[in-house]
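Colleague: Have a look at this one.
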Amino acid sequence: MSRTGMYARSRRTALRILAGTPALLALAACGEASPDPTTPPPSTGRSDLDAALRRAQTVAATVTEQAPDPGSSLPKPGESRKVLVGALPLEIAGGRLFALFANGLPEAGRLSEGRYDFDAIPLDRYESDEWRMSRALMAAEPSAPELMAHFGTDLDDLVGHDQLLPLDDFLAADPDFDAGAFWPGALETGQREGVQFGLPFAVSPDFTFVNGQLAAERGIELPDPSLQAFTTAAYLRTAQAFHEPDPPDGGVGTRGILGVVLSEPTARGDYIVIPPVTDALLSALGEIRDSAGGFTPLQSEKARDVLEFYRDLTHRHELLPIGGFDLDRYREAGTWGLGFTTIAFSQTVDFGTNNRVYPFPNFGSGRNPAGTFLLSVVKSAKDPDVAYDAFRHLYSVMALESSLPPYRVKAEAIRRLMPELHGDDEHVLVHLLENAVFHDLSMDEFQVLGSTLVRDVLLGDTDPGEGLRKAIEELQATSSGS
């Protein structure tokens, strides 16, 4: 499909409303490709990751003994040591995260008393099935970034290619580090097998935004914005209350759900549904990967129920149309009921005209899907002590200035960081973060799972149980590196 076709036509809207970074990044890849002569690293299977983790555990146990005394090696005030930070560009990072870097880097340099001069190096994403964050970092090697910001779903790829420095001993010696200060589960998103490779500098719960103004105009009774109340039944009932089919004359009706099932794959070959079915599975199951690294939760009746619900939304209730991204007209007319996004990729305009924050619909576990964004030290940094010292200065600024900090904060702090919120929506966000479940698959695994289910079950006629079985086979092949 042409890149100037239907996806490009409404691509900005699609990026804004997509919930969950794996789906968002899959769509973002529909943009212009940047040729890169660098040979991509091989795909990382579970065996590669396990080997890298064993090496990392050895490094983590000895890094303090091998490190030189940092007392005389750290930069002095005013020294302005250049520190390059690998970061995704605006188009991928989104406005909130991009602004955080634009403001945070000079502020971190100032608060370090001029010890460091931070500068961002874009880690380009281009359209290719072979794209990996590890490849983007490798392509930036001549610029030698010492720190990098990345999605939590990129961690397996980066660790599997042995590109990140274990932080455990540095954190143990850091008097400012408090493992108990984070939202439940957030810190663990930067760990693999107990080794800490990155710290979350922002959390980003998936959420539903509800058209409060239209609800008031039409007298639609909304459920309580809690995980206990916003069940799949309440979600369906609310969407149906808003929904009005387009009139026969071609006018604009009301979309009960501002979502769609793409009828064709993206240029990368990904099949996408908004809101993502992977997020619904995470909401239903609480985890997709089991403690042994397998995918047994996907064999459950709960997982099948999610697929049945989505198939009903598409084929029975006609609330998720099959087609392209032709959603702008409903947004512009204000005739929509429920939309979906994630905090990091939301914009101030999303909260205009009394749009309210609701949980991602509760599919059964009572947990709300969420993601994190991590700051890590690149393993090739010339001086690990200096790199970690720069890391802690930058992290202290970014973690406190992000729209939703990784630390447990009071609702009043969220209101100060997000003044565009209405009513008491800051309390809803606290509720979502106290009950968050963080994505536990790699970027590749999320894309394989979502694409397989959308292609076979929602666009095809495969039975949900059979679709899940096929998805598990695909996930196992992806995890084994085959």
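Letters A, B, ... mark the chains of the structure tokens in the order given; residue numbers begin at 1 per chain; ligand numbers begin at 1, in order shown.
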List every residue of region 221-304 of chain A that DSSP, applied to the backbone of this structure, places in helix (DSSP H, G or I), and write the result as a list in words.
Modeller: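 Everything in region 221-304 of chain A that counts as helix (DSSP H, G or I) is Thr232, Ala233, Ala234, Tyr235, Leu236, Arg237, Thr238, Ala239, Gln240, Ala241, Phe242, Val277, Thr278, Asp279, Ala280, Leu281, Leu282, Ser283, Ala284, Leu285, Thr296, Pro297, Leu298, Gln299, Glu301, Lys302, Ala303 and Arg304 of chain A.
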Colleague: If you count only C-alpha atoms, which residues fall within 7 Å of Ile257 (chain A), apart from same-chain ones fewer than 4 positions away, as a tab-separated table (two decimals) with C-alpha atoms, in the first residue's frame?
Modeller:
```
chain	number	residue	atom	x	y	z
A	239	ALA	CA	-20.57	3.15	23.50
A	319	LEU	CA	-18.89	-0.32	16.78
A	320	LEU	CA	-15.41	-1.05	15.40
A	336	TRP	CA	-17.78	10.59	19.17
A	337	GLY	CA	-18.22	8.90	22.53
A	338	LEU	CA	-15.18	6.90	23.65
A	339	GLY	CA	-11.60	7.33	22.43
```
Colleague: Could you list, as a list in words, every residue within 9 Å of region 303-306 of chain A, counting only C-alpha atoms and ignoring same-chain residues fewer than 2 positions away?
Modeller: Val277, Ala280, Leu281, Ala284, Leu285, Pro297, Leu298, Gln299, Ser300, Glu301, Glu308, Phe309, Tyr310, Arg311, Phe363, Pro464, Gly465 and Leu468 of chain A
Colleague: Run DSSP on the backbone and give me the residues of region 222-394 of chain A it puts in strand (DSSP E or B), as a ChimeraX atom specification.
Modeller: /A:231,244,254-257,260-262,273-274,322-323,336-342,355-359,362,368-378
Colleague: With only C-alpha atoms as the counted atoms, please give the residues lying no more than 7 Å from region 351-355 of chain A, apart from itself and same-chain residues fewer than 2 positions off, as a list in words.
Modeller: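 Contacts, in chain order: Phe209, Val210, Asn211, Gly212, Gln213, Thr348, Val349, Val357, Glu420, Leu421 and His422 of chain A.
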Colleague: Closest to Gly256 (chain A) among A:Glu287, A:Tyr271, A:His317, A:Pro106, using only C-alpha atoms?
Modeller: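 Among the listed residues, A:His317 lies closest to Gly256 (chain A).
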Colleague: Excluding region 386-391 of chain A and residues on its chain fewer than 3 positions from it, collect all residues at most 8 Å away from it, counting only C-alpha atoms, and give them as a PyMOL selection string.
Modeller: chain A and resi 70+73-75+83+116+146-147+170+375-377+381-383+394-395
Colleague: Given only C-alpha atoms as the basis, pick out the residue of A:Thr342, A:Asn103, A:Thr462, A:Thr478 nearest to Pro276 (chain A).
Modeller: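 Once distances to Pro276 (chain A) are computed over only C-alpha atoms, the minimum belongs to A:Thr342.
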Colleague: With distances taken over only C-alpha atoms, which residue among A:Ala87, A:Ala333, A:Leu453, A:Leu458 lies nearest Asp312 (chain A)?
Modeller: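 Using only C-alpha atoms, Asp312 (chain A) sits closest to A:Leu458.
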Colleague: For Val437 (chain A), list every protein, DNA or RNA residue within 9 Å, evaluated using only C-alpha atoms, and leave out those in the same chain fewer than 2 positions away; present the list as a list in words.
Modeller: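 In the requested form, the answer reads Pro184, Gly185, Ala186, Pro205, Leu282, Ser283, Gly286, Glu287, Arg367, Asn368, Pro369, Ala370, Gly371, Leu433, Asn435, His439 and Asp440 of chain A.
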Colleague: If we count only C-alpha atoms and set the cut-off at 12 Å, which residues sit around Gln228 (chain A), ignoring sequence neighbours fewer than 4 positions away in its own chain? Please answer as JSON, numbers by chain.
Modeller: {"A": [223, 224, 232, 233, 234, 235, 358, 359, 360, 361, 362, 363, 364, 365, 366, 367, 368, 431, 432, 435]}
Colleague: Only N, CA and C atoms, please: the residues just picked out, written as a compact mmCIF listing (two decimals), in the first residue's frame.
Modeller:
```
# COMPACT_ATOMS: atom_id res chain seq x y z
N PRO A 223 -20.90 5.80 33.51
CA PRO A 223 -20.55 5.01 34.69
C PRO A 223 -19.51 5.72 35.53
N ASP A 224 -19.28 5.22 36.73
CA ASP A 224 -18.23 5.75 37.58
C ASP A 224 -16.87 5.47 36.93
N THR A 232 -16.52 -4.40 30.93
CA THR A 232 -16.83 -4.51 29.51
C THR A 232 -18.32 -4.26 29.25
N ALA A 233 -19.17 -4.66 30.18
CA ALA A 233 -20.61 -4.41 30.01
C ALA A 233 -20.88 -2.91 30.02
N ALA A 234 -20.27 -2.18 30.96
CA ALA A 234 -20.46 -0.72 31.02
C ALA A 234 -19.85 -0.05 29.80
N TYR A 235 -18.71 -0.54 29.36
CA TYR A 235 -18.06 -0.02 28.16
C TYR A 235 -18.97 -0.16 26.95
N TYR A 358 -11.05 8.09 31.83
CA TYR A 358 -11.63 6.84 32.34
C TYR A 358 -10.57 5.74 32.23
N PRO A 359 -10.73 4.66 32.95
CA PRO A 359 -9.79 3.54 32.78
C PRO A 359 -9.90 2.96 31.38
N PHE A 360 -8.86 2.23 30.97
CA PHE A 360 -9.04 1.32 29.86
C PHE A 360 -10.09 0.31 30.35
N PRO A 361 -11.05 -0.08 29.52
CA PRO A 361 -12.11 -0.96 30.04
C PRO A 361 -11.56 -2.17 30.78
N ASN A 362 -12.17 -2.48 31.91
CA ASN A 362 -11.72 -3.58 32.76
C ASN A 362 -12.23 -4.90 32.18
N PHE A 363 -11.32 -5.66 31.58
CA PHE A 363 -11.69 -6.93 30.98
C PHE A 363 -11.63 -8.10 31.95
N GLY A 364 -11.33 -7.83 33.24
CA GLY A 364 -11.45 -8.92 34.19
C GLY A 364 -10.46 -8.97 35.33
N SER A 365 -9.23 -8.48 35.14
CA SER A 365 -8.25 -8.61 36.22
C SER A 365 -8.32 -7.48 37.23
N GLY A 366 -9.04 -6.40 36.89
CA GLY A 366 -9.06 -5.24 37.78
C GLY A 366 -7.78 -4.43 37.70
N ARG A 367 -6.98 -4.65 36.67
CA ARG A 367 -5.71 -3.93 36.48
C ARG A 367 -5.80 -3.10 35.20
N ASN A 368 -5.06 -2.00 35.16
CA ASN A 368 -5.11 -1.11 34.01
C ASN A 368 -3.80 -1.18 33.24
N HIS A 431 -5.64 6.37 40.63
CA HIS A 431 -6.31 5.07 40.72
C HIS A 431 -5.75 4.10 39.68
N LEU A 432 -5.54 4.58 38.45
CA LEU A 432 -5.03 3.72 37.39
C LEU A 432 -3.59 3.28 37.68
N ASN A 435 -3.19 0.67 40.33
CA ASN A 435 -3.68 -0.63 39.88
C ASN A 435 -3.16 -0.97 38.48
```
Colleague: By how many Å are CA of Phe118 (chain A) and CA of Pro142 (chain A) apart?
Modeller: 16.9 Å
Colleague: State, in Å with one decimal place, the distance from CA of Leu105 (chain A) to CA of Ile414 (chain A).
Modeller: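 Here the two named atoms are 21.5 Å from each other.
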